[in-house]
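Next comes protein.csv, a file with CSV, C-alpha atoms.
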chain,number,residue,atom,x,y,z
A,1479,MET,CA,0.0,0.0,0.0
A,1480,LYS,CA,1.4,3.4,-1.0
A,1481,PRO,CA,1.9,5.9,1.9
A,1482,ALA,CA,-0.8,8.2,0.4
A,1483,ASN,CA,-3.3,5.4,0.4
A,1484,LEU,CA,-2.7,4.9,4.2
A,1485,LEU,CA,-4.5,8.2,4.7
A,1486,ARG,CA,-7.8,6.6,3.6
A,1487,TRP,CA,-8.0,5.0,7.0
A,1488,TYR,CA,-8.5,8.5,8.5
A,1489,PRO,CA,-11.8,10.5,8.4
A,1490,ARG,CA,-12.0,13.0,5.5
A,1491,ALA,CA,-12.0,16.1,7.8
A,1492,TRP,CA,-8.9,14.8,9.6
A,1493,ARG,CA,-7.1,14.2,6.3
A,1494,ASP,CA,-7.9,17.7,5.1
A,1495,ARG,CA,-6.4,19.1,8.2
A,1496,TYR,CA,-3.5,16.8,9.1
A,1497,GLY,CA,-3.1,14.6,6.0
A,1498,GLY,CA,-0.2,16.5,4.4
A,1499,GLU,CA,1.8,16.6,7.7
A,1500,LEU,CA,1.2,12.9,8.4
A,1501,LEU,CA,2.2,11.9,4.9
A,1502,ALA,CA,5.4,14.0,5.1
A,1503,LEU,CA,6.3,12.3,8.4
A,1504,ILE,CA,5.5,8.8,7.0
A,1505,GLN,CA,7.8,9.5,4.0
A,1506,ASP,CA,10.6,10.8,6.3
A,1507,ASP,CA,10.3,7.6,8.4
A,1508,LEU,CA,10.3,5.4,5.4
A,1509,SER,CA,13.3,7.2,3.9
A,1510,GLU,CA,15.2,6.5,7.2
A,1511,GLY,CA,14.6,2.8,6.7
A,1512,ARG,CA,12.1,2.2,9.6
A,1513,PRO,CA,10.3,-1.2,9.6
A,1514,THR,CA,7.6,-0.7,7.0
A,1515,LEU,CA,5.0,-3.1,8.2
A,1516,ARG,CA,5.0,-1.9,11.8
A,1517,LEU,CA,4.9,1.7,10.6
A,1518,ARG,CA,2.0,1.0,8.3
A,1519,LEU,CA,0.0,-0.9,10.9
A,1520,GLY,CA,0.6,2.0,13.4
A,1521,VAL,CA,-0.8,4.4,10.8
A,1522,ILE,CA,-3.8,2.2,10.1
A,1523,TRP,CA,-4.5,1.8,13.8
A,1524,GLY,CA,-4.2,5.5,14.3
A,1525,GLY,CA,-6.8,6.1,11.5
A,1526,LEU,CA,-9.2,3.6,13.0
A,1527,ARG,CA,-8.8,5.2,16.4
A,1528,GLU,CA,-9.4,8.6,14.9
A,1529,ARG,CA,-12.6,7.4,13.2
A,1530,GLY,CA,-13.8,5.9,16.5
A,1531,HIS,CA,-13.0,9.2,18.2
A,1532,GLN,CA,-15.0,11.2,15.7
A,1533,ALA,CA,-17.9,8.8,15.8
A,1534,ARG,CA,-18.1,9.0,19.6
A,1535,HIS,CA,-17.8,12.8,19.4
A,1536,ALA,CA,-20.7,12.9,16.8
A,1537,VAL,CA,-22.9,10.7,19.0
A,1538,ARG,CA,-22.1,12.8,22.1
A,1539,LEU,CA,-23.0,15.9,20.1
A,1540,ALA,CA,-26.2,14.5,18.8
A,1541,LEU,CA,-27.3,13.3,22.3
A,1542,LYS,CA,-26.3,16.6,23.9
A,1543,THR,CA,-29.2,18.6,22.4
A,1544,ARG,CA,-32.8,17.7,23.1
A,1545,THR,CA,-33.6,17.9,19.4
A,1546,GLY,CA,-30.7,15.6,18.6
A,1547,SER,CA,-31.7,13.0,21.1
A,1548,TYR,CA,-35.3,13.2,20.0
A,1549,LYS,CA,-34.2,12.7,16.4
A,1550,TRP,CA,-32.0,9.7,17.2
A,1551,PHE,CA,-34.6,8.2,19.4
A,1552,SER,CA,-37.1,8.5,16.6
A,1553,ILE,CA,-34.7,6.9,14.2
A,1554,LEU,CA,-34.2,3.9,16.6
A,1555,TRP,CA,-37.9,3.7,17.1
A,1556,ALA,CA,-38.5,3.8,13.3
A,1557,GLY,CA,-35.9,1.0,12.8
A,1558,LEU,CA,-37.5,-1.2,15.4
A,1559,VAL,CA,-41.0,-0.5,14.1
A,1560,CYS,CA,-40.1,-1.1,10.5
A,1561,ALA,CA,-38.4,-4.4,11.4
A,1562,SER,CA,-41.3,-5.6,13.5
A,1563,VAL,CA,-44.1,-4.8,11.1
A,1564,PRO,CA,-43.6,-7.7,8.6
A,1565,GLY,CA,-43.4,-10.4,11.4
A,1566,PRO,CA,-46.9,-9.8,12.9
A,1567,LEU,CA,-48.4,-9.3,9.5
A,1568,THR,CA,-47.1,-12.8,8.6
A,1569,ALA,CA,-47.9,-14.3,12.0
A,1570,SER,CA,-51.5,-13.1,12.4
A,1571,PRO,CA,-53.3,-11.8,9.3
A,1572,PRO,CA,-55.5,-8.9,10.3
A,1573,ALA,CA,-59.1,-9.6,11.1
A,1574,ALA,CA,-61.5,-7.6,8.9
A,1575,ARG,CA,-63.8,-6.5,11.8
A,1576,GLY,CA,-63.9,-4.7,15.1
A,1577,TRP,CA,-61.1,-2.9,16.8
A,1578,GLN,CA,-58.4,-4.8,14.9
A,1579,ALA,CA,-59.6,-3.4,11.6
A,1580,VAL,CA,-59.8,0.1,13.1
A,1581,THR,CA,-56.3,0.0,14.6
A,1582,LEU,CA,-54.9,-1.6,11.4
A,1583,ALA,CA,-56.4,1.3,9.4
A,1584,ALA,CA,-54.9,3.8,11.8
A,1585,LEU,CA,-51.5,2.0,11.6
A,1586,LEU,CA,-51.5,2.1,7.8
A,1587,ALA,CA,-52.6,5.8,7.9
A,1588,ALA,CA,-49.7,6.6,10.2
A,1589,ILE,CA,-47.3,4.8,7.9
A,1590,ALA,CA,-48.7,6.6,4.9
A,1591,LEU,CA,-48.4,9.9,6.8
A,1592,THR,CA,-44.7,9.2,7.6
A,1593,GLY,CA,-44.1,8.2,4.0
A,1594,ALA,CA,-45.8,11.3,2.7
A,1595,ALA,CA,-43.8,13.6,5.0
A,1596,VAL,CA,-40.5,11.9,4.0
A,1597,SER,CA,-41.5,12.1,0.3
A,1598,ALA,CA,-42.6,15.7,0.6
A,1599,ALA,CA,-39.2,16.6,2.2
A,1600,GLY,CA,-37.4,14.9,-0.6
A,1601,LEU,CA,-39.6,16.4,-3.4
A,1602,THR,CA,-39.3,20.0,-2.1
A,1603,ALA,CA,-35.6,19.7,-2.2
A,1604,LEU,CA,-35.5,17.8,-5.5
A,1605,PRO,CA,-35.0,20.8,-7.9
A,1606,ALA,CA,-32.1,22.0,-5.8
A,1607,LEU,CA,-30.7,18.5,-5.7
A,1608,VAL,CA,-30.9,18.1,-9.5
A,1609,ARG,CA,-29.0,21.5,-9.9
A,1610,PHE,CA,-26.4,20.3,-7.4
A,1611,LEU,CA,-25.9,17.0,-9.2
A,1612,ARG,CA,-25.8,18.7,-12.6
A,1613,ALA,CA,-23.1,21.0,-11.3
A,1614,GLY,CA,-20.9,17.9,-10.6
A,1615,GLY,CA,-21.8,17.4,-6.9
A,1616,TRP,CA,-22.2,13.6,-7.1
A,1617,PRO,CA,-18.6,12.7,-5.9
A,1618,MET,CA,-19.2,14.8,-2.8
A,1619,ILE,CA,-22.1,12.6,-1.6
A,1620,ARG,CA,-21.3,9.4,-3.4
A,1621,ARG,CA,-19.7,7.5,-0.5
A,1622,ARG,CA,-22.5,8.4,1.9
A,1623,VAL,CA,-25.1,7.3,-0.6
A,1624,TRP,CA,-23.4,4.0,-1.2
A,1625,TRP,CA,-23.1,3.3,2.5
A,1626,SER,CA,-26.7,4.2,3.1
A,1627,ALA,CA,-27.8,2.0,0.1
A,1628,GLY,CA,-25.7,-0.9,1.4
A,1629,ALA,CA,-27.2,-0.6,4.9
A,1630,THR,CA,-30.6,-0.6,3.3
A,1631,VAL,CA,-29.9,-3.8,1.4
A,1632,VAL,CA,-28.7,-5.4,4.6
A,1633,ALA,CA,-31.7,-4.3,6.6
A,1634,GLY,CA,-34.1,-5.2,3.8
A,1635,GLY,CA,-32.6,-8.6,3.5
A,1636,GLY,CA,-32.8,-9.1,7.3
A,1637,MET,CA,-36.5,-8.0,7.3
A,1638,THR,CA,-37.4,-10.3,4.3
A,1639,GLY,CA,-35.5,-13.2,5.8
A,1640,LEU,CA,-37.1,-12.8,9.2
A,1641,ALA,CA,-40.6,-12.5,7.8
A,1642,GLY,CA,-40.0,-15.4,5.5
A,1643,LEU,CA,-38.7,-17.6,8.3
A,1644,ALA,CA,-41.6,-16.7,10.6
A,1645,GLY,CA,-44.1,-17.5,7.8
A,1646,LEU,CA,-42.3,-20.8,7.1
A,1647,ALA,CA,-42.3,-21.8,10.8
A,1648,LEU,CA,-46.0,-21.0,11.0
A,1649,ALA,CA,-47.0,-22.6,7.7
A,1650,SER,CA,-45.1,-25.8,8.5
A,1651,GLY,CA,-47.0,-26.1,11.7
A,1652,PRO,CA,-44.5,-26.7,14.6
A,1653,VAL,CA,-44.8,-23.2,15.9
A,1654,SER,CA,-48.0,-21.3,16.9
A,1655,PRO,CA,-48.1,-17.4,16.6
A,1656,ALA,CA,-48.1,-17.2,20.4
A,1657,GLN,CA,-45.0,-19.4,20.6
A,1658,LEU,CA,-43.3,-17.4,17.9
A,1659,ASP,CA,-43.9,-14.2,19.8
A,1660,VAL,CA,-42.1,-15.5,22.9
A,1661,SER,CA,-39.3,-17.3,21.0
A,1662,LEU,CA,-35.9,-16.0,22.0
A,1663,ALA,CA,-34.5,-16.6,18.5
A,1664,TYR,CA,-37.3,-14.6,16.9
A,1665,LEU,CA,-36.8,-11.8,19.5
A,1666,VAL,CA,-33.0,-11.6,18.8
A,1667,GLY,CA,-33.6,-11.7,15.0
A,1668,LEU,CA,-36.2,-8.9,15.5
A,1669,LEU,CA,-33.8,-6.8,17.5
A,1670,MET,CA,-30.9,-7.3,15.1
A,1671,THR,CA,-33.1,-6.5,12.1
A,1672,GLY,CA,-34.4,-3.5,14.0
A,1673,LEU,CA,-31.0,-2.2,14.7
A,1674,ALA,CA,-29.9,-2.8,11.1
A,1675,THR,CA,-32.9,-0.8,9.9
A,1676,ALA,CA,-32.2,2.0,12.4
A,1677,VAL,CA,-28.6,2.2,11.1
A,1678,ALA,CA,-29.9,2.4,7.5
A,1679,ILE,CA,-32.5,5.1,8.4
A,1680,GLY,CA,-29.8,6.9,10.4
A,1681,LEU,CA,-27.3,6.8,7.5
A,1682,TRP,CA,-30.0,8.1,5.1
A,1683,ALA,CA,-30.8,10.9,7.6
A,1684,THR,CA,-27.1,11.9,7.9
A,1685,THR,CA,-26.7,11.7,4.1
A,1686,ALA,CA,-29.8,13.9,3.6
A,1687,ALA,CA,-28.4,16.4,6.2
A,1688,ALA,CA,-25.0,16.4,4.6
A,1689,THR,CA,-26.4,16.8,1.1
A,1690,ALA,CA,-28.7,19.6,2.3
A,1691,ARG,CA,-25.6,21.6,3.3
A,1692,TYR,CA,-24.6,21.7,-0.4
A,1693,LEU,CA,-28.0,22.7,-1.7
A,1694,THR,CA,-29.1,26.2,-2.3
A,1695,LEU,CA,-32.7,26.2,-1.0
A,1696,ALA,CA,-35.2,29.0,-1.4
A,1697,PRO,CA,-36.4,30.4,2.0
A,1698,ARG,CA,-39.9,29.0,1.4
A,1699,VAL,CA,-38.4,25.5,0.8
A,1700,ARG,CA,-36.2,25.8,3.9
A,1701,ALA,CA,-39.2,26.8,5.9
A,1702,ALA,CA,-41.2,23.8,4.6
A,1703,GLN,CA,-38.2,21.5,5.4
A,1704,LEU,CA,-38.2,22.8,9.0
A,1705,VAL,CA,-41.9,21.9,9.4
A,1706,LEU,CA,-41.5,18.5,7.8
A,1707,SER,CA,-38.5,17.7,10.0
A,1708,ALA,CA,-40.7,18.3,13.0
A,1709,VAL,CA,-43.6,16.3,11.4
A,1710,ILE,CA,-41.5,13.2,10.6
A,1711,PRO,CA,-40.4,12.2,14.1
A,1712,THR,CA,-44.0,12.7,15.3
A,1713,ALA,CA,-45.3,10.5,12.5
A,1714,VAL,CA,-42.8,7.8,13.5
A,1715,MET,CA,-44.0,8.0,17.1
A,1716,ALA,CA,-47.6,7.7,15.9
A,1717,VAL,CA,-46.7,4.6,13.8
A,1718,ALA,CA,-45.0,3.0,16.9
A,1719,ALA,CA,-48.1,3.8,19.1
A,1720,THR,CA,-50.7,2.6,16.6
A,1721,LEU,CA,-48.6,-0.6,16.0
A,1722,ALA,CA,-48.6,-1.3,19.7
A,1723,ILE,CA,-52.3,-0.7,19.9
A,1724,TRP,CA,-52.9,-3.1,17.0
A,1725,TRP,CA,-50.8,-5.7,18.7
A,1726,SER,CA,-52.6,-5.3,21.9
A,1727,THR,CA,-55.9,-5.9,20.1
A,1728,ALA,CA,-54.6,-8.8,17.9
A,1729,GLN,CA,-53.1,-10.6,20.9
A,1730,PRO,CA,-55.0,-9.1,23.8
A,1731,SER,CA,-52.6,-7.5,26.2
A,1732,PHE,CA,-53.6,-4.8,28.6
A,1733,THR,CA,-50.0,-3.8,29.4
A,1734,LEU,CA,-49.2,-3.3,25.8
A,1735,LEU,CA,-52.3,-1.2,25.4
A,1736,VAL,CA,-51.4,1.0,28.3
A,1737,ILE,CA,-47.8,1.5,27.0
A,1738,ALA,CA,-49.2,2.3,23.5
A,1739,LEU,CA,-51.7,4.8,24.9
A,1740,VAL,CA,-49.0,6.6,27.1
A,1741,ASN,CA,-46.8,6.7,24.0
A,1742,LEU,CA,-49.6,8.1,21.9
A,1743,THR,CA,-50.5,10.7,24.6
A,1744,LEU,CA,-46.8,11.9,24.8
A,1745,ALA,CA,-46.6,12.1,21.0
A,1746,SER,CA,-49.9,14.1,20.9
A,1747,VAL,CA,-48.6,16.5,23.6
A,1748,ALA,CA,-45.1,17.0,22.0
A,1749,ALA,CA,-46.3,17.2,18.4
A,1750,PRO,CA,-48.1,20.6,18.5
A,1751,VAL,CA,-45.2,22.2,20.4
A,1752,ARG,CA,-42.5,20.9,18.0
A,1753,ILE,CA,-44.5,21.7,14.9
A,1754,GLY,CA,-45.5,25.1,16.2
A,1755,GLN,CA,-41.8,25.9,16.9
A,1756,ALA,CA,-40.9,24.8,13.4
A,1757,VAL,CA,-43.6,26.9,11.9
A,1758,ARG,CA,-42.5,30.0,13.8
A,1759,ARG,CA,-38.8,29.4,12.9
A,1760,GLY,CA,-39.8,29.0,9.2
A,1761,ARG,CA,-41.9,32.2,9.3
A,1762,ARG,CA,-38.9,34.1,10.8
A,1763,LEU,CA,-36.6,32.6,8.1
A,1764,ARG,CA,-38.9,33.8,5.3
A,1765,LEU,CA,-39.3,37.2,6.8
A,1766,ALA,CA,-35.5,37.5,7.3
A,1767,ALA,CA,-35.0,36.5,3.7
A,1768,SER,CA,-37.5,39.0,2.4
A,1769,GLY,CA,-35.5,41.8,4.1
A,1770,ALA,CA,-37.9,42.3,7.0
A,1771,ALA,CA,-35.9,40.5,9.7
A,1772,ILE,CA,-37.9,40.3,12.9
A,1773,ILE,CA,-35.8,40.0,16.0
A,1774,ASN,CA,-38.7,39.8,18.4
A,1775,PRO,CA,-41.8,38.0,17.0
A,1776,SER,CA,-44.0,39.4,19.8
A,1777,ALA,CA,-43.0,42.9,18.8
A,1778,GLN,CA,-44.0,42.1,15.2
A,1779,ARG,CA,-47.4,40.8,16.4
A,1780,ALA,CA,-47.9,44.0,18.5
A,1781,HIS,CA,-46.9,46.1,15.4
A,1782,GLY,CA,-49.4,44.2,13.3
A,1783,ARG,CA,-52.3,44.8,15.8
A,1784,HIS,CA,-51.3,48.5,16.0
A,1785,ARG,CA,-51.5,48.8,12.2
A,1786,ALA,CA,-54.8,47.1,12.1
B,296,MET,CA,-6.6,11.0,36.0
B,297,SER,CA,-5.5,14.6,35.9
B,298,PRO,CA,-7.9,17.2,34.4
B,299,SER,CA,-5.5,17.7,31.5
B,300,GLY,CA,-5.6,14.0,30.6
B,301,LEU,CA,-1.9,13.5,31.1
B,302,ARG,CA,-1.4,10.3,33.1
B,303,ARG,CA,1.8,8.3,32.6
B,304,PRO,CA,5.4,9.4,31.9
B,305,ASN,CA,5.4,7.6,28.5
B,306,ASP,CA,2.0,9.0,27.4
B,307,PRO,CA,2.5,10.5,23.9
B,308,PRO,CA,0.7,13.8,24.8
B,309,LEU,CA,3.0,14.3,27.8
B,310,LEU,CA,6.1,13.5,25.8
B,311,ILE,CA,5.0,16.0,23.1
B,312,LEU,CA,4.4,18.7,25.7
B,313,VAL,CA,7.8,18.1,27.2
B,314,SER,CA,9.4,18.3,23.8
B,315,LEU,CA,7.5,21.5,22.8
B,316,ALA,CA,8.4,23.1,26.2
B,317,GLU,CA,11.9,23.6,24.6
B,318,GLY,CA,10.4,25.4,21.6
B,319,PRO,CA,8.2,24.9,18.5
B,320,LYS,CA,8.8,21.8,16.4
B,321,HIS,CA,7.2,20.0,13.5
B,322,GLY,CA,6.2,16.3,13.5
B,323,HIS,CA,9.5,14.8,12.4
B,324,ALA,CA,11.6,17.0,14.8
B,325,LEU,CA,9.2,16.1,17.6
B,326,ALA,CA,9.5,12.3,17.0
B,327,LYS,CA,13.4,12.7,16.9
B,328,ASP,CA,13.5,14.8,20.1
B,329,ILE,CA,11.2,12.4,22.0
B,330,GLU,CA,13.3,9.4,20.9
B,331,ASP,CA,16.4,11.3,22.2
B,332,PHE,CA,15.2,12.3,25.6
B,333,ALA,CA,12.7,9.5,26.4
B,334,GLY,CA,14.0,6.6,24.4
B,335,VAL,CA,10.4,6.2,23.0
B,336,ARG,CA,9.9,6.0,19.3
B,337,LEU,CA,6.4,7.4,18.4
B,338,GLY,CA,5.1,6.2,15.1
B,339,PRO,CA,3.4,8.7,12.8
B,340,GLY,CA,-0.1,7.4,13.7
B,341,ALA,CA,0.5,7.7,17.5
B,342,LEU,CA,2.2,11.0,17.1
B,343,TYR,CA,-0.5,12.6,15.1
B,344,GLY,CA,-3.3,11.1,17.2
B,345,ALA,CA,-1.7,12.8,20.2
B,346,ILE,CA,-1.2,16.1,18.4
B,347,THR,CA,-4.8,16.1,17.3
B,348,ARG,CA,-6.0,15.6,20.9
B,349,LEU,CA,-3.7,18.3,22.2
B,350,VAL,CA,-4.8,20.8,19.6
B,351,GLU,CA,-8.4,20.0,20.4
B,352,ARG,CA,-7.8,20.6,24.1
B,353,GLY,CA,-5.9,23.9,23.3
B,354,LEU,CA,-2.7,22.7,24.9
B,355,ILE,CA,-0.7,23.2,21.7
B,356,GLU,CA,-1.3,25.2,18.6
B,357,PRO,CA,0.0,25.1,15.0
B,358,LEU,CA,2.2,27.9,13.7
B,359,GLY,CA,1.9,29.2,10.1
B,360,GLY,CA,4.2,27.7,7.5
B,361,ASP,CA,4.5,24.8,5.1
B,362,ASP,CA,1.4,22.6,5.2
B,363,ARG,CA,3.6,19.5,5.2
B,364,ARG,CA,6.1,20.7,7.9
B,365,ARG,CA,3.8,22.7,10.1
B,366,PRO,CA,5.4,23.4,13.5
B,367,TYR,CA,3.5,23.4,16.7
B,368,ARG,CA,4.1,25.3,20.0
B,369,ILE,CA,2.9,24.8,23.5
B,370,THR,CA,0.2,27.2,24.7
B,371,PRO,CA,0.0,28.8,28.2
B,372,PRO,CA,-2.7,26.2,29.2
B,373,GLY,CA,-0.4,23.5,27.8
B,374,SER,CA,2.5,24.8,30.0
B,375,ALA,CA,0.2,24.8,33.0
B,376,ALA,CA,-1.1,21.2,32.3
B,377,LEU,CA,2.5,20.0,31.8
B,378,ALA,CA,3.7,21.6,35.1
B,379,GLU,CA,0.7,20.0,36.9
B,380,ALA,CA,1.5,16.6,35.4
B,381,LEU,CA,5.2,16.9,36.3
B,382,ALA,CA,4.3,17.9,39.9
B,383,ASP,CA,2.1,14.8,40.2
B,384,MET,CA,4.9,12.6,38.9
B,385,ARG,CA,7.4,14.2,41.2
B,386,ARG,CA,5.2,13.5,44.2
B,387,VAL,CA,5.0,9.8,43.2
B,388,THR,CA,8.7,9.6,42.5
B,389,ARG,CA,9.6,11.1,45.9
B,390,ALA,CA,7.2,8.8,47.8
B,391,GLY,CA,8.7,5.8,45.9
B,392,GLN,CA,12.3,6.9,46.6
B,393,ALA,CA,11.6,7.6,50.3
B,394,ARG,CA,10.1,4.2,50.8
B,395,LEU,CA,13.0,2.5,49.1
B,396,GLY,CA,15.4,4.5,51.2
B,397,LEU,CA,17.0,6.0,48.1
B,398,ASP,CA,18.8,9.3,48.0
B,399,LEU,CA,16.3,12.1,47.6
B,400,ALA,CA,18.8,14.7,46.3
Just dump the structure as structure tokens.
Amino acid sequence: MKPANLLRWYPRAWRDRYGGELLALIQDDLSEGRPTLRLRLGVIWGGLRERGHQARHAVRLALKTRTGSYKWFSILWAGLVCASVPGPLTASPPAARGWQAVTLAALLAAIALTGAAVSAAGLTALPALVRFLRAGGWPMIRRRVWWSAGATVVAGGGMTGLAGLAGLALASGPVSPAQLDVSLAYLVGLLMTGLATAVAIGLWATTAAATARYLTLAPRVRAAQLVLSAVIPTAVMAVAATLAIWWSTAQPSFTLLVIALVNLTLASVAAPVRIGQAVRRGRRLRLAASGAAIINPSAQRAHGRHRA
Amino acid sequence: MSPSGLRRPNDPPLLILVSLAEGPKHGHALAKDIEDFAGVRLGPGALYGAITRLVERGLIEPLGGDDRRRPYRITPPGSAALAEALADMRRVTRAGQARLGLDLA
């Protein structure tokens, strides 16, 4: 491996800052006849440690802010929910009457709402994304996109495999749906698939955030993105809650029903606050962009009343 | 662990601070100096890992110059952290010497 290639083990930001210096030092050491293998392994180990350090730093930073922890909690929830949906669908086909039908409809509506919010966020940024790609931006996001796509394939494979195995076990007869639900192997599979799905969703979220930094978005679009970024985690929480309610009706469980209702209540309380904050921030953003920057929104409201 | 994160006498950050206490140096000069006074050969990976942490903590800072041979110097907080770490080590050394009945001079 050439000395310059050793730098690939380090994070990009680190390479940009220290890469030239490290390369010069490696070349000096090599020209002095230092043992090559040990030196190279030391550099590789240093790169891996640096990547680990940056990852820990990023996680600490994300968890430090309330918004950040809410976002990552939502992503983890989304992963576990997505991974757990195919299993019950295979294990117990929904009944077409009563509460089960109502809760299933609510679950599908919540999933549709989440999908619509994610799609809307993507669509509003699409023209800017196309401009960015046409201007030769693809190499800047290529690696992130490939990693995200790879994680999606792994998570999708895990989900399909888990649902397939559950269906097979039920169809062949040795396992009942109730036994499957309490099976340790099934639970471990569910958790692994859930984490893989959460990783995939998290990677796509960071890819989207990183790509957004390169895009030139109109103030109106940025304001819409702010609102959608508040709606998406709320929709995910709604999916989780309705899924739990559906389970509690399909396989009667009072505990699960209570957990689901508490979850739904918390989401219902938090949602208007978060969405309201996002709407106000979006409005300030648009006003600032139009040249009428409002430092204090309450002053603006008072001014509006006075004029009226 | 000390607040500055300097723990053992052979910790790369501590060795770098001791070396820079003499004056600014770039990576290669640092590695040479550390090998001379401590007998420890820091590889490029270990050296730059330690430099990164020290810069992040504000204990050393880069000086202008060639991107490939950028010198670093110790900052006032770096000097204070080094003095504190050396004082800690001196206490341990004295205790050890006293218990062994060695000359404390």
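Picture a line from CA of Ala1598 in chain A to CA of Ala1702 in chain A; it runs 9.1 Å.
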Exercise for the section: Give me the residues within 7 Å of range 356-371 of chain B as a PyMOL selection string, counting only C-alpha atoms and dropping any in the same chain fewer than 6 places off. Expected result: (chain A and resi 1498-1499+1502) or (chain B and resi 312+315-316+318-321+350)
Fill in the blank from the handout: CA of Thr1684 in chain A sits from CA of Leu1763 in chain A at a separation of 22.8 Å
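Taking all atoms listed in the file, the non-local environment of Leu349 in chain B within 12 Å (same-chain residues fewer than 4 positions away omitted) comprises Ser299, Gly300, Leu301, Pro307, Pro308, Leu309, Leu310, Ile311, Leu312, Leu315, Leu342, Tyr343, Gly344, Ala345, Gly353, Leu354, Ile355, Glu356, Pro357, Tyr367, Arg368, Ile369, Thr370, Pro372, Gly373, Ser374, Ala376 and Leu377 of chain B.
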Dump C-alpha atoms for the selected residues as a PDB file, in the coordinates of the input?
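Wrote result_26.pdb, looks like this:
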ATOM      1  CA  SER B 299      -5.500  17.700  31.500  1.00  0.00           C
ATOM      2  CA  GLY B 300      -5.600  14.000  30.600  1.00  0.00           C
ATOM      3  CA  LEU B 301      -1.900  13.500  31.100  1.00  0.00           C
ATOM      4  CA  PRO B 307       2.500  10.500  23.900  1.00  0.00           C
ATOM      5  CA  PRO B 308       0.700  13.800  24.800  1.00  0.00           C
ATOM      6  CA  LEU B 309       3.000  14.300  27.800  1.00  0.00           C
ATOM      7  CA  LEU B 310       6.100  13.500  25.800  1.00  0.00           C
ATOM      8  CA  ILE B 311       5.000  16.000  23.100  1.00  0.00           C
ATOM      9  CA  LEU B 312       4.400  18.700  25.700  1.00  0.00           C
ATOM     10  CA  LEU B 315       7.500  21.500  22.800  1.00  0.00           C
ATOM     11  CA  LEU B 342       2.200  11.000  17.100  1.00  0.00           C
ATOM     12  CA  TYR B 343      -0.500  12.600  15.100  1.00  0.00           C
ATOM     13  CA  GLY B 344      -3.300  11.100  17.200  1.00  0.00           C
ATOM     14  CA  ALA B 345      -1.700  12.800  20.200  1.00  0.00           C
ATOM     15  CA  GLY B 353      -5.900  23.900  23.300  1.00  0.00           C
ATOM     16  CA  LEU B 354      -2.700  22.700  24.900  1.00  0.00           C
ATOM     17  CA  ILE B 355      -0.700  23.200  21.700  1.00  0.00           C
ATOM     18  CA  GLU B 356      -1.300  25.200  18.600  1.00  0.00           C
ATOM     19  CA  PRO B 357       0.000  25.100  15.000  1.00  0.00           C
ATOM     20  CA  TYR B 367       3.500  23.400  16.700  1.00  0.00           C
ATOM     21  CA  ARG B 368       4.100  25.300  20.000  1.00  0.00           C
ATOM     22  CA  ILE B 369       2.900  24.800  23.500  1.00  0.00           C
ATOM     23  CA  THR B 370       0.200  27.200  24.700  1.00  0.00           C
ATOM     24  CA  PRO B 372      -2.700  26.200  29.200  1.00  0.00           C
ATOM     25  CA  GLY B 373      -0.400  23.500  27.800  1.00  0.00           C
ATOM     26  CA  SER B 374       2.500  24.800  30.000  1.00  0.00           C
ATOM     27  CA  ALA B 376      -1.100  21.200  32.300  1.00  0.00           C
ATOM     28  CA  LEU B 377       2.500  20.000  31.800  1.00  0.00           C
TER      29      LEU B 377
END
Exercise for the section: Specify as a ChimeraX atom specification all residues of chain A found within 8 Å of chain B, counting only C-alpha atoms. Expected result: /A:1496,1498-1504,1506,1517,1520-1525,1528
Take the selection from the previous step and output its residues with C-alpha atoms, as a compact mmCIF listing (two decimals), in the frame of the given file.
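Result went into selection_20.txt, see below:
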# COMPACT_ATOMS: atom_id res chain seq x y z
CA TYR A 1496 -3.50 16.80 9.10
CA GLY A 1498 -0.20 16.50 4.40
CA GLU A 1499 1.80 16.60 7.70
CA LEU A 1500 1.20 12.90 8.40
CA LEU A 1501 2.20 11.90 4.90
CA ALA A 1502 5.40 14.00 5.10
CA LEU A 1503 6.30 12.30 8.40
CA ILE A 1504 5.50 8.80 7.00
CA ASP A 1506 10.60 10.80 6.30
CA LEU A 1517 4.90 1.70 10.60
CA GLY A 1520 0.60 2.00 13.40
CA VAL A 1521 -0.80 4.40 10.80
CA ILE A 1522 -3.80 2.20 10.10
CA TRP A 1523 -4.50 1.80 13.80
CA GLY A 1524 -4.20 5.50 14.30
CA GLY A 1525 -6.80 6.10 11.50
CA GLU A 1528 -9.40 8.60 14.90
Exercise for the section: Counting all atoms listed in the file, select every polymer residue within 6 Å of (-50.1, -5.5, 23.5) as defined in the file's coordinates, and provide the selection as an MDAnalysis selection string. Expected result: chainID A and resid 1722 1725:1726 1731 1734:1735
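For the pair CA of Gly1615 in chain A and CA of Tyr1692 in chain A, the interatomic distance is 8.3 Å.
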Practice task
Tell me, as a PyMOL selection string, which residues lie within 9 Å of Gly1636 in chain A, counting all atoms listed in the file; anything in the same chain fewer than 5 positions away does not count.
Solution key: chain A and resi 1561+1631+1641+1667-1668+1670-1672+1674-1675
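The shortest atom-to-atom distance to Ala1633 in chain A, with only C-alpha atoms taken into account, belongs to A:Leu1681 out of A:Ala1686, A:Ala1599, A:Ile1619, A:Leu1681.
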